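*Asks:* File follows, coords_30.cif with mmCIF, C-alpha atoms and all ligand atoms:
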```cif
data_run
loop_
_atom_site.label_atom_id
_atom_site.label_comp_id
_atom_site.auth_asym_id
_atom_site.auth_seq_id
_atom_site.Cartn_x
_atom_site.Cartn_y
_atom_site.Cartn_z
CA MET A 15 32.53 -2.28 -13.83
CA ALA A 16 29.43 -2.38 -16.02
CA LEU A 17 26.18 -3.80 -14.68
CA THR A 18 25.52 -7.50 -14.38
CA ARG A 19 22.49 -8.97 -16.14
CA ASP A 20 20.69 -9.22 -12.80
CA GLU A 21 21.33 -5.56 -12.15
CA ALA A 22 19.96 -4.72 -15.60
CA ALA A 23 16.85 -6.79 -14.78
CA ALA A 24 16.50 -4.86 -11.51
CA LEU A 25 16.49 -1.60 -13.46
CA ASP A 26 13.68 -2.97 -15.64
CA ALA A 27 11.72 -3.96 -12.56
CA LYS A 28 11.67 -0.38 -11.29
CA ASP A 29 11.48 1.35 -14.69
CA PRO A 30 8.43 3.65 -14.74
CA LEU A 31 8.20 3.28 -18.55
CA ALA A 32 8.49 -0.52 -18.63
CA HIS A 33 4.75 -1.05 -19.11
CA PHE A 34 4.81 0.85 -22.41
CA ARG A 35 6.43 -2.17 -24.04
CA GLU A 36 3.06 -3.97 -23.86
CA ARG A 37 1.59 -1.20 -25.95
CA PHE A 38 3.71 -2.31 -28.92
CA THR A 39 3.56 -5.29 -31.24
CA VAL A 40 6.42 -7.62 -30.40
CA ALA A 41 6.11 -10.41 -32.95
CA ASP A 42 9.28 -12.26 -31.89
CA PRO A 43 10.20 -11.86 -28.20
CA GLU A 44 13.67 -13.33 -28.88
CA LEU A 45 14.51 -10.58 -31.33
CA ILE A 46 16.25 -7.55 -29.82
CA TYR A 47 15.29 -4.54 -31.87
CA LEU A 48 17.78 -1.70 -31.66
CA ASP A 49 16.77 0.10 -34.82
CA GLY A 50 13.91 2.26 -33.56
CA ASN A 51 16.09 5.19 -34.62
CA SER A 52 15.42 4.11 -38.20
CA LEU A 53 11.90 2.66 -38.03
CA GLY A 54 9.93 2.60 -34.77
CA ARG A 55 7.79 -0.36 -33.78
CA LEU A 56 4.06 -0.67 -34.47
CA SER A 57 2.00 0.33 -31.45
CA VAL A 58 -1.33 -1.18 -30.51
CA ASP A 59 -2.84 2.32 -30.48
CA THR A 60 -1.62 2.92 -34.02
CA ARG A 61 -3.04 -0.37 -35.26
CA GLU A 62 -6.42 0.47 -33.67
CA ARG A 63 -6.39 4.04 -34.90
CA LEU A 64 -5.63 2.96 -38.46
CA HIS A 65 -8.44 0.45 -38.28
CA GLU A 66 -10.77 3.17 -37.04
CA VAL A 67 -9.89 5.50 -39.91
CA VAL A 68 -10.34 2.70 -42.43
CA GLU A 69 -13.81 2.10 -40.95
CA GLN A 70 -14.54 5.84 -41.15
CA TRP A 71 -13.63 5.75 -44.81
CA GLY A 72 -16.02 2.83 -45.34
CA ASP A 73 -18.85 4.41 -43.36
CA ARG A 74 -18.57 8.08 -44.09
CA LEU A 75 -17.06 8.17 -47.55
CA VAL A 76 -16.36 11.71 -48.68
CA SER A 77 -18.15 13.30 -45.72
CA GLY A 78 -15.27 12.00 -43.59
CA TRP A 79 -13.34 15.03 -44.84
CA HIS A 80 -15.25 17.33 -42.47
CA ASP A 81 -13.17 15.75 -39.72
CA TRP A 82 -10.07 14.66 -41.66
CA ILE A 83 -9.39 18.14 -43.00
CA ASP A 84 -8.01 19.30 -39.64
CA ALA A 85 -5.90 16.19 -39.04
CA PRO A 86 -2.55 17.76 -40.19
CA THR A 87 -2.86 20.66 -37.73
CA ARG A 88 -4.29 18.44 -34.97
CA ALA A 89 -1.33 16.08 -35.27
CA GLY A 90 1.01 19.08 -35.53
CA ASP A 91 -0.31 20.60 -32.31
CA LEU A 92 0.11 17.30 -30.53
CA LEU A 93 3.70 16.99 -31.72
CA ALA A 94 4.37 20.63 -30.82
CA GLU A 95 3.37 20.00 -27.25
CA ALA A 96 4.56 16.44 -26.71
CA ALA A 97 7.93 16.54 -28.42
CA LEU A 98 8.96 19.85 -29.95
CA GLY A 99 8.52 22.63 -27.41
CA ALA A 100 6.46 24.66 -29.87
CA ARG A 101 3.13 26.47 -29.60
CA PRO A 102 -0.19 25.39 -31.08
CA GLY A 103 -0.34 26.49 -34.72
CA GLU A 104 3.42 26.27 -35.28
CA VAL A 105 3.71 22.67 -36.50
CA ILE A 106 1.92 20.87 -39.32
CA VAL A 107 2.15 17.24 -40.42
CA CYS A 108 2.67 16.95 -44.16
CA ASP A 109 4.83 15.50 -46.93
CA SER A 110 8.26 13.98 -46.30
CA THR A 111 11.17 15.55 -44.45
CA THR A 112 12.95 15.99 -47.78
CA VAL A 113 10.04 17.87 -49.36
CA ASN A 114 9.45 19.96 -46.23
CA LEU A 115 13.11 20.94 -46.16
CA TYR A 116 12.89 22.06 -49.77
CA LYS A 117 9.75 24.07 -49.04
CA LEU A 118 11.17 25.86 -46.00
CA ALA A 119 14.57 26.45 -47.57
CA CYS A 120 13.05 28.04 -50.69
CA ALA A 121 10.53 30.03 -48.66
CA THR A 122 13.34 31.42 -46.50
CA LEU A 123 15.54 32.33 -49.44
CA ASP A 124 12.64 34.01 -51.24
CA ALA A 125 11.63 36.03 -48.21
CA TYR A 126 14.89 37.03 -46.62
CA SER A 127 18.02 36.68 -48.68
CA LEU A 128 19.73 39.94 -49.44
CA SER A 129 21.44 40.36 -52.79
CA ALA A 130 24.85 39.85 -51.19
CA GLN A 131 23.73 36.59 -49.58
CA ARG A 132 24.61 34.05 -52.24
CA ALA A 133 25.62 31.08 -50.10
CA LEU A 134 24.07 28.12 -48.29
CA VAL A 135 25.68 26.03 -45.57
CA THR A 136 25.31 22.52 -44.27
CA ASP A 137 27.82 20.19 -42.67
CA ARG A 138 29.60 17.52 -44.64
CA ASP A 139 28.38 14.84 -42.24
CA ASN A 140 24.73 15.84 -42.42
CA PHE A 141 22.20 13.29 -43.64
CA PRO A 142 22.49 12.94 -47.44
CA THR A 143 18.98 14.14 -48.25
CA ASP A 144 19.69 17.44 -46.48
CA ARG A 145 22.84 17.93 -48.50
CA TYR A 146 21.15 16.91 -51.75
CA VAL A 147 18.26 19.33 -51.25
CA LEU A 148 20.74 22.16 -50.76
CA GLU A 149 22.89 21.03 -53.71
CA GLY A 150 19.76 21.14 -55.87
CA ILE A 151 18.69 24.57 -54.64
CA ALA A 152 22.22 25.91 -55.10
CA GLU A 153 22.25 24.70 -58.69
CA GLN A 154 18.74 25.94 -59.48
CA ARG A 155 19.43 29.40 -58.08
CA GLY A 156 23.10 29.85 -58.93
CA LEU A 157 24.15 29.88 -55.26
CA GLU A 158 27.26 28.55 -53.57
CA LEU A 159 26.99 25.59 -51.19
CA ARG A 160 29.52 25.69 -48.37
CA LEU A 161 30.18 22.43 -46.56
CA LEU A 162 31.11 22.84 -42.94
CA GLU A 163 33.82 20.51 -41.66
CA ALA A 164 33.54 20.04 -37.91
CA GLU A 165 36.92 20.33 -36.21
CA ASP A 166 35.90 17.34 -34.12
CA PRO A 167 33.65 15.15 -36.31
CA LEU A 168 32.58 13.02 -33.34
CA HIS A 169 30.91 16.00 -31.66
CA GLY A 170 29.55 17.54 -34.86
CA PRO A 171 29.32 21.22 -35.80
CA GLN A 172 30.13 23.71 -33.04
CA PRO A 173 29.66 27.50 -33.18
CA ALA A 174 33.42 27.89 -33.63
CA ASP A 175 33.21 25.70 -36.77
CA LEU A 176 30.30 27.63 -38.22
CA GLU A 177 31.44 31.18 -37.58
CA PRO A 178 34.28 31.31 -40.17
CA LEU A 179 31.80 30.31 -42.89
CA LEU A 180 29.48 33.17 -41.95
CA ALA A 181 32.16 35.82 -41.50
CA ASP A 182 31.84 37.37 -44.98
CA GLY A 183 28.11 37.94 -44.52
CA ALA A 184 27.28 35.96 -47.68
CA VAL A 185 25.29 33.14 -46.08
CA ALA A 186 21.50 33.25 -46.28
CA LEU A 187 20.54 29.78 -45.11
CA ILE A 188 21.99 26.96 -42.99
CA VAL A 189 20.67 23.43 -42.57
CA LEU A 190 21.82 21.39 -39.57
CA SER A 191 20.68 18.23 -37.83
CA HIS A 192 19.88 18.41 -34.14
CA VAL A 193 21.18 14.87 -33.63
CA ALA A 194 23.69 13.60 -36.18
CA TYR A 195 22.51 10.44 -37.92
CA ARG A 196 25.86 8.66 -37.79
CA SER A 197 27.56 9.73 -34.55
CA GLY A 198 24.44 10.59 -32.56
CA ALA A 199 26.05 13.92 -31.54
CA LEU A 200 23.54 16.42 -30.16
CA ALA A 201 24.09 19.95 -31.45
CA ASP A 202 23.89 23.06 -29.30
CA MET A 203 20.73 24.28 -30.98
CA GLU A 204 20.44 27.50 -29.05
CA ALA A 205 24.04 28.67 -29.51
CA LEU A 206 24.11 27.82 -33.22
CA THR A 207 20.76 29.51 -33.82
CA ARG A 208 21.94 32.66 -32.04
CA LEU A 209 25.16 32.72 -34.04
CA ALA A 210 23.28 32.41 -37.33
CA ARG A 211 20.99 35.29 -36.42
CA ASP A 212 24.02 37.43 -35.52
CA TYR A 213 25.05 37.07 -39.16
CA ASP A 214 21.53 37.56 -40.58
CA ALA A 215 21.39 33.92 -41.63
CA HIS A 216 18.51 31.51 -40.93
CA ILE A 217 18.79 27.89 -39.82
CA VAL A 218 16.40 25.10 -40.74
CA TRP A 219 16.90 22.38 -38.14
CA ASP A 220 16.38 18.72 -39.01
CA LEU A 221 14.92 17.07 -35.91
CA SER A 222 14.57 13.55 -37.34
CA HIS A 223 16.88 11.90 -34.80
CA SER A 224 15.89 13.94 -31.78
CA ALA A 225 12.09 14.32 -31.79
CA GLY A 226 10.51 11.75 -29.50
CA ALA A 227 13.83 10.85 -27.84
CA VAL A 228 15.42 14.14 -26.76
CA PRO A 229 13.37 17.06 -25.47
CA VAL A 230 13.40 19.66 -28.25
CA ARG A 231 12.71 23.20 -27.08
CA LEU A 232 12.16 25.09 -30.29
CA ARG A 233 10.66 28.21 -28.73
CA ASP A 234 13.14 28.40 -25.88
CA ALA A 235 16.07 27.97 -28.26
CA GLY A 236 14.80 30.75 -30.53
CA VAL A 237 14.45 28.37 -33.48
CA GLU A 238 12.77 29.80 -36.55
CA LEU A 239 12.34 26.79 -38.82
CA ALA A 240 12.51 23.02 -38.48
CA VAL A 241 11.52 19.77 -40.18
CA GLY A 242 11.64 16.13 -39.16
CA CYS A 243 10.60 12.50 -39.58
CA THR A 244 7.92 10.75 -37.54
CA TYR A 245 8.73 7.14 -38.35
CA LYS A 246 11.70 6.87 -35.98
CA TYR A 247 11.10 7.59 -32.27
CA LEU A 248 7.56 8.78 -32.99
CA ASN A 249 6.55 5.37 -34.37
CA SER A 250 4.30 6.47 -37.25
CA GLY A 251 5.23 3.59 -39.57
CA PRO A 252 7.27 3.13 -42.75
CA GLY A 253 7.30 6.35 -44.74
CA GLY A 254 5.14 8.03 -42.07
CA THR A 255 4.26 11.63 -42.87
CA ALA A 256 6.79 14.24 -41.70
CA TYR A 257 6.24 17.65 -40.11
CA LEU A 258 7.47 21.17 -40.41
CA TYR A 259 7.68 23.97 -37.86
CA VAL A 260 7.63 27.69 -38.57
CA ALA A 261 7.77 30.11 -35.61
CA GLU A 262 4.52 32.02 -35.42
CA GLU A 263 6.15 35.42 -36.06
CA LEU A 264 7.62 34.28 -39.36
CA GLN A 265 4.59 32.58 -40.84
CA ALA A 266 2.95 35.58 -42.51
CA GLY A 267 6.18 36.51 -44.29
CA LEU A 268 6.92 33.09 -45.77
CA ARG A 269 5.37 31.37 -48.79
CA SER A 270 5.74 27.78 -49.81
CA PRO A 271 7.34 27.38 -53.24
CA ILE A 272 4.61 24.83 -54.01
CA TRP A 273 1.31 26.59 -54.49
CA GLY A 274 -1.20 23.83 -53.87
CA TRP A 275 -4.89 23.97 -53.14
CA PHE A 276 -4.48 22.75 -49.54
CA GLY A 277 -2.36 25.82 -48.79
CA GLN A 278 -4.90 28.20 -50.35
CA ALA A 279 -6.71 30.74 -48.17
CA GLU A 280 -10.19 29.64 -49.16
CA GLN A 281 -9.62 26.21 -50.48
CA PHE A 282 -13.09 25.66 -51.87
CA ALA A 283 -13.45 29.09 -53.51
CA MET A 284 -12.00 27.39 -56.49
CA GLU A 285 -12.15 30.13 -59.07
CA ARG A 286 -9.80 32.41 -57.18
CA PRO A 287 -6.11 32.80 -57.89
CA TYR A 288 -3.71 31.46 -55.29
CA GLU A 289 -3.50 33.29 -52.03
CA PRO A 290 -1.74 31.53 -49.12
CA ALA A 291 -3.81 30.55 -46.11
CA GLU A 292 -3.11 32.31 -42.87
CA GLY A 293 -0.91 30.46 -40.44
CA ILE A 294 0.93 27.18 -40.72
CA GLY A 295 -1.69 25.76 -43.14
CA ARG A 296 -0.05 27.69 -45.97
CA PHE A 297 2.73 25.11 -46.00
CA LEU A 298 0.43 22.31 -47.09
CA ALA A 299 0.52 21.47 -50.78
CA GLY A 300 -1.80 18.65 -51.83
CA THR A 301 -4.28 16.30 -50.13
CA PRO A 302 -2.86 14.97 -46.85
CA PRO A 303 -2.50 11.17 -46.53
CA ILE A 304 -5.11 10.75 -43.78
CA LEU A 305 -4.16 7.22 -42.75
CA ASN A 306 -0.55 8.29 -42.32
CA VAL A 307 -1.46 11.42 -40.43
CA ALA A 308 -3.67 9.35 -38.09
CA ALA A 309 -0.66 7.13 -37.40
CA VAL A 310 1.39 10.21 -36.50
CA GLU A 311 -1.32 11.26 -34.05
CA ALA A 312 -1.32 7.84 -32.42
CA GLY A 313 2.49 7.74 -32.24
CA ALA A 314 2.79 11.25 -30.82
CA GLY A 315 0.02 10.38 -28.34
CA LEU A 316 2.20 7.68 -26.78
CA THR A 317 5.11 10.10 -26.43
CA ALA A 318 2.78 12.60 -24.78
CA GLU A 319 1.49 9.96 -22.39
CA ALA A 320 4.95 8.77 -21.35
CA GLY A 321 6.41 12.29 -21.15
CA ILE A 322 9.50 13.33 -23.09
CA GLU A 323 11.51 14.03 -19.93
CA ALA A 324 10.98 10.48 -18.65
CA ILE A 325 11.85 9.12 -22.11
CA ARG A 326 15.07 11.12 -22.15
CA GLU A 327 16.05 10.01 -18.64
CA LYS A 328 15.74 6.36 -19.63
CA SER A 329 17.45 6.93 -22.96
CA VAL A 330 20.47 8.46 -21.23
CA ALA A 331 20.66 5.58 -18.73
CA GLN A 332 20.45 3.06 -21.57
CA THR A 333 23.04 4.70 -23.81
CA GLU A 334 25.31 4.92 -20.72
CA LEU A 335 24.87 1.17 -20.34
CA VAL A 336 25.76 0.58 -24.00
CA ILE A 337 28.93 2.64 -23.56
CA ALA A 338 29.93 0.95 -20.29
CA LEU A 339 29.52 -2.51 -21.84
CA HIS A 340 31.38 -1.37 -24.94
CA ASP A 341 34.30 -0.21 -22.82
CA GLU A 342 34.46 -3.42 -20.86
CA TRP A 343 33.72 -6.04 -23.51
CA LEU A 344 34.07 -4.58 -26.97
CA ALA A 345 36.97 -2.12 -26.89
CA PRO A 346 39.40 -5.05 -26.33
CA LEU A 347 37.92 -6.65 -29.49
CA GLY A 348 38.83 -3.70 -31.73
CA PHE A 349 35.68 -1.57 -31.36
CA GLU A 350 35.85 2.18 -30.93
CA LEU A 351 33.14 4.48 -29.63
CA GLY A 352 31.76 6.66 -32.45
CA THR A 353 29.45 8.73 -30.20
CA PRO A 354 30.14 11.46 -27.61
CA ARG A 355 30.70 10.14 -24.09
CA ASP A 356 28.99 13.12 -22.47
CA PRO A 357 25.27 12.21 -22.29
CA ALA A 358 24.35 15.88 -22.63
CA ARG A 359 25.98 15.84 -26.06
CA ARG A 360 24.35 12.75 -27.58
CA GLY A 361 20.93 11.55 -28.69
CA SER A 362 19.42 8.09 -28.31
CA HIS A 363 21.72 5.93 -30.38
CA VAL A 364 25.31 4.84 -29.94
CA SER A 365 27.60 4.15 -32.90
CA LEU A 366 30.26 1.54 -32.49
CA ARG A 367 33.02 1.66 -35.05
CA HIS A 368 34.85 -1.44 -36.26
CA PRO A 369 36.73 -2.25 -39.48
CA GLU A 370 34.37 -5.22 -40.03
CA ALA A 371 31.23 -3.27 -39.10
CA TRP A 372 29.17 -4.42 -42.09
CA PRO A 373 29.70 -8.22 -41.70
CA ILE A 374 29.28 -7.85 -37.92
CA CYS A 375 25.94 -6.15 -38.53
CA ARG A 376 24.84 -8.95 -40.87
CA ALA A 377 25.97 -11.59 -38.38
CA LEU A 378 24.09 -9.88 -35.54
CA ILE A 379 20.88 -9.99 -37.55
CA GLU A 380 21.30 -13.47 -39.05
CA ARG A 381 22.93 -15.35 -36.20
CA ALA A 382 22.20 -13.46 -32.98
CA ALA A 383 18.66 -12.06 -33.46
CA VAL A 384 19.80 -8.51 -32.76
CA VAL A 385 18.77 -5.76 -35.18
CA PRO A 386 21.07 -2.73 -35.37
CA ASP A 387 21.88 -0.90 -38.58
CA PHE A 388 25.02 -0.02 -40.47
CA ARG A 389 26.15 3.40 -41.60
CA GLY A 390 29.26 3.60 -43.72
CA PRO A 391 32.12 3.48 -43.62
CA ASP A 392 32.42 1.58 -40.36
CA SER A 393 29.59 2.29 -37.88
CA ILE A 394 27.12 -0.06 -36.24
CA ARG A 395 24.28 2.02 -34.80
CA LEU A 396 22.52 0.74 -31.70
CA GLY A 397 19.40 2.76 -31.05
CA VAL A 398 17.49 2.64 -27.78
CA ALA A 399 13.80 3.49 -27.90
CA PRO A 400 12.82 3.89 -24.23
CA LEU A 401 9.15 3.11 -24.86
CA TYR A 402 9.98 -0.49 -25.75
CA THR A 403 13.70 -1.18 -25.22
CA SER A 404 14.50 -2.82 -21.88
CA TYR A 405 17.77 -2.70 -19.97
CA VAL A 406 18.05 -6.46 -20.37
CA ASP A 407 17.63 -5.99 -24.15
CA VAL A 408 20.66 -3.71 -24.09
CA TRP A 409 22.69 -6.09 -21.92
CA ASP A 410 21.81 -9.16 -23.99
CA ALA A 411 22.44 -7.40 -27.30
CA LEU A 412 25.92 -6.36 -26.24
CA ASP A 413 26.58 -9.81 -24.80
CA ARG A 414 25.55 -11.46 -28.07
CA LEU A 415 27.70 -8.98 -29.99
CA ARG A 416 30.71 -9.76 -27.82
CA GLY A 417 30.28 -13.53 -28.20
CA LEU A 418 29.79 -13.33 -31.93
CA VAL A 419 32.96 -11.29 -32.51
CA GLU A 420 34.98 -13.44 -30.11
CA ARG A 421 33.98 -16.46 -32.20
CA GLY A 422 34.68 -14.60 -35.46
CA GLU A 423 31.17 -15.32 -36.73
CA GLN A 424 31.19 -12.20 -38.90
CA ARG A 425 33.50 -14.15 -41.23
CA ALA A 426 30.83 -16.79 -41.79
CA VAL A 427 28.15 -14.52 -43.27
CA ASP A 428 27.61 -13.37 -46.83
CA ALA A 429 29.21 -9.93 -46.71
CA ALA A 430 27.79 -8.70 -50.04
CA ARG A 431 26.34 -5.25 -49.40
CA ALA A 432 22.52 -5.28 -49.36
CA ARG A 433 20.38 -2.62 -51.06
CA VAL A 434 19.15 -1.48 -47.63
CA THR A 435 21.69 -1.22 -44.81
C1 LIG B 501 18.33 13.35 -40.47
C2 LIG B 501 17.40 12.79 -41.50
N1 LIG B 501 16.76 13.63 -42.33
C3 LIG B 501 15.90 13.17 -43.27
C4 LIG B 501 15.69 11.81 -43.41
C5 LIG B 501 14.80 11.25 -44.48
O1 LIG B 501 13.75 12.00 -44.79
P1 LIG B 501 12.57 11.47 -45.72
O2 LIG B 501 11.47 11.09 -44.80
O3 LIG B 501 12.26 12.57 -46.61
O4 LIG B 501 13.06 10.26 -46.45
C6 LIG B 501 16.32 10.91 -42.55
C7 LIG B 501 16.06 9.46 -42.69
O5 LIG B 501 16.57 8.63 -42.04
C8 LIG B 501 17.20 11.42 -41.59
O6 LIG B 501 17.85 10.58 -40.78
#
```
Written as structure tokens, how would this file's structure read?
Ligand SMILES: Cc1ncc(COP(=O)(O)O)c(C=O)c1O

*Replies:*
Amino acid sequence: MALTRDEAAALDAKDPLAHFRERFTVADPELIYLDGNSLGRLSVDTRERLHEVVEQWGDRLVSGWHDWIDAPTRAGDLLAEAALGARPGEVIVCDSTTVNLYKLACATLDAYSLSAQRALVTDRDNFPTDRYVLEGIAEQRGLELRLLEAEDPLHGPQPADLEPLLADGAVALIVLSHVAYRSGALADMEALTRLARDYDAHIVWDLSHSAGAVPVRLRDAGVELAVGCTYKYLNSGPGGTAYLYVAEELQAGLRSPIWGWFGQAEQFAMERPYEPAEGIGRFLAGTPPILNVAAVEAGAGLTAEAGIEAIREKSVAQTELVIALHDEWLAPLGFELGTPRDPARRGSHVSLRHPEAWPICRALIERAAVVPDFRGPDSIRLGVAPLYTSYVDVWDALDRLRGLVERGEQRAVDAARARVT
């Protein structure tokens, strides 16, 4: 039997993270927001920090750069410690995840690929931008792109799925997501990284759906390269600047394919030809967006304050609650779980599959004040963000979903597909 609403309220009453909700802007208390896995909420700290940086701009004008210039590494170090399990100097906040993936993929191919290594790998279910970046690189460089098909798509790529693609020794580079955007499956980062290295291949991990929700242990897992978004569980705002990670030992041997002045050794010795800066700074390209980077710092600061282990503990309890309520209320209504049942194998969102997923999603937003999102062909994603999602939010959202489908309300909404889903 799943929890009652009173039992969910009792969990909120003793939740050590409950007070973090007050640190976020909640414009409509009736609205249940379960899409922090797509765009996190605005925090009070972020609003204040942005205001502060705007004031600095007004007051200091160009001299503000004496402080702003270090913001990408400052924010990177904070992320490294709070969310990524990396060392100071291994993470930098810059560009978008897409651009960072391109930079690290090209840098890796340029530095390491042997002449026999003419292939790239990603999995067919990976986030589209990851696939597109590799498709583009494959075309530009005359390489082959191999698409991994997981034997069990629900659980995502396993070492046994990857190994046959590596067996001929032709693969130079692999791109995988730590948490799959549709199913929420959590990959075995350490085992997959080890397997790749056994075949002289290098993995770039996409951490977009894990950082800030699942403890990521880049150093412990032997990870060489990673990228990720900050606007999901790290709450940096729409289009918030992304980050990249390069293990310290690899940095000197890698060069960004974009030779910009912010990655130059002596940036203000302007007459000199390009020579990459030492350390992670060489992966910068152009002028960092200081307001965005400040928002990343504020977002990562909240994660640091709450502690990633405590966040994960609550996330697991909340996704367990989603699954228990699904089993009891929603499975009889034609829903199917699209996420691994084992909490050790999933991230912080649960996908519920249903043939009418899109109109159900619209009806939830328009008629039940619950915000999930839809990922084709048939998944409704319910993301829990432990810093501001309560247990009662989860209970009420699933209750509203049950009532709405029992009444067939999804048939009363305009089911035309929107530009943003
Ligand atoms: C796994 C993953 N990678 C990358 C992106 C997008 O990256 P970008 O910030 O470049 O748009 C997303 C966006 O949702 C994502 O889920």

*Asks:* Please provide as a VMD selection string all residues within 9 Å of Thr353 in chain A, with the sequence filter that same-chain residues fewer than 4 positions apart are discarded (counting only C-alpha atoms).

*Replies:* chain A and resid 168 to 169 196 to 199 359 to 360 363 to 366

*Asks:* As a quick test: using only C-alpha atoms and all ligand atoms, which residues lie no more than 7 Å away from ligand LIG 501 (chain B)? Give them as a ChimeraX atom specification.

*Replies:* /A:52,110-113,141,143-144,191,194-195,220-223,242-243,253,256

*Asks:* Range 318-325 of chain A: which residues within 9 Å, counting all atoms listed in the file, same-chain residues fewer than 2 positions away excluded, as a VMD selection string?

*Replies:* chain A and resid 30 to 31 34 92 to 93 95 to 97 226 to 229 313 to 316 327 to 330 399 to 401

*Asks:* Pick from A:Asp182, A:Glu238, A:Asp212, A:Glu66: nearest to Thr122 in chain A, with all atoms listed in the file counted?

*Replies:*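 Residue with the minimum atom-to-atom distance to Thr122 in chain A: A:Glu238.
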
*Asks:* May I have the residues within 12 Å of Ile272 in chain A as a PyMOL selection string, using all atoms listed in the file and disregarding those fewer than 3 positions away in the same chain?

*Replies:* chain A and resi 109+113-114+116-121+268-269+275-278+288-290+296-300

*Asks:* Which residue out of A:Leu56, A:Arg286, A:Met203, A:Ala429 has the minimum interatomic distance to Ala309 in chain A when only C-alpha atoms are used?

*Replies:*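 Checking each candidate against Ala309 in chain A, we get A:Leu56 as the closest.
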
*Asks:* Using all atoms listed in the file, which residue out of A:Val241, A:Leu351, A:Val406, A:Leu412 lies closest to Val105 in chain A?

*Replies:*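 Among the listed residues, the smallest separation from Val105 in chain A belongs to A:Val241.
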
*Asks:* From the options A:Arg101, A:Lys246, A:Arg431, A:His368, which residue's atoms come nearest to Gly397 in chain A, counting all atoms listed in the file?

*Replies:* A:Lys246

*Asks:* Just the residues within 6 Å of range 378-391 of chain A, please, counting all atoms listed in the file, with nothing from its chain fewer than 3 positions along; format it as a PyMOL selection string.

*Replies:* chain A and resi 45-49+375+394-396+435

*Asks:* Calculated over all atoms listed in the file, which of the candidates A:Ala225, A:Val218, A:Ala130, A:Ala205 has the smallest distance to Val193 in chain A?

*Replies:* A:Ala225

*Asks:* Rank nothing, just name the residue among A:Gly274, A:Gly267, A:Gly251, A:Gly361 nearest to Ser57 in chain A, using all atoms listed in the file.

*Replies:*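 Checking each of A:Gly274, A:Gly267, A:Gly251, A:Gly361 against Ser57 in chain A, counting all atoms listed in the file, the winner is A:Gly251.
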
*Asks:* What does the distance from CA of Leu179 in chain A to CA of Ile151 in chain A come to in Å, to one decimal?

*Replies:*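 CA of Ile151 in chain A lies at a distance of 18.5 Å from CA of Leu179 in chain A.
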
*Asks:* For the atom pair CA of Leu157 in chain A and CA of Ala210 in chain A, what is the interatomic distance in Å to one decimal place?

*Replies:*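 We find that CA of Leu157 in chain A and CA of Ala210 in chain A lie 18.1 Å from each other.
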
*Asks:* With a distance cut-off of 8 Å and all atoms listed in the file, select the neighbouring residues of range 74-85 of chain A, excluding the residue or stretch itself and same-chain residues fewer than 6 positions from it, and output the selection as a ChimeraX atom specification.

*Replies:* /A:304,307-308

*Asks:* Enter the distance from CA of Asp234 in chain A to CA of Pro173 in chain A, in Å, rounded to one decimal.

*Replies:*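 These two atoms are separated by 18.1 Å.
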
*Asks:* Centre and edge lengths of an axis-aligned box around all listed atoms of range 198-214 of chain A, with 6 Å added on each side, are to be given in Å to one decimal, as JSON.

*Replies:*
```
{"center_x": 23.2, "center_y": 24.1, "center_z": -34.8, "size_x": 17.6, "size_y": 39.0, "size_z": 23.5}
```
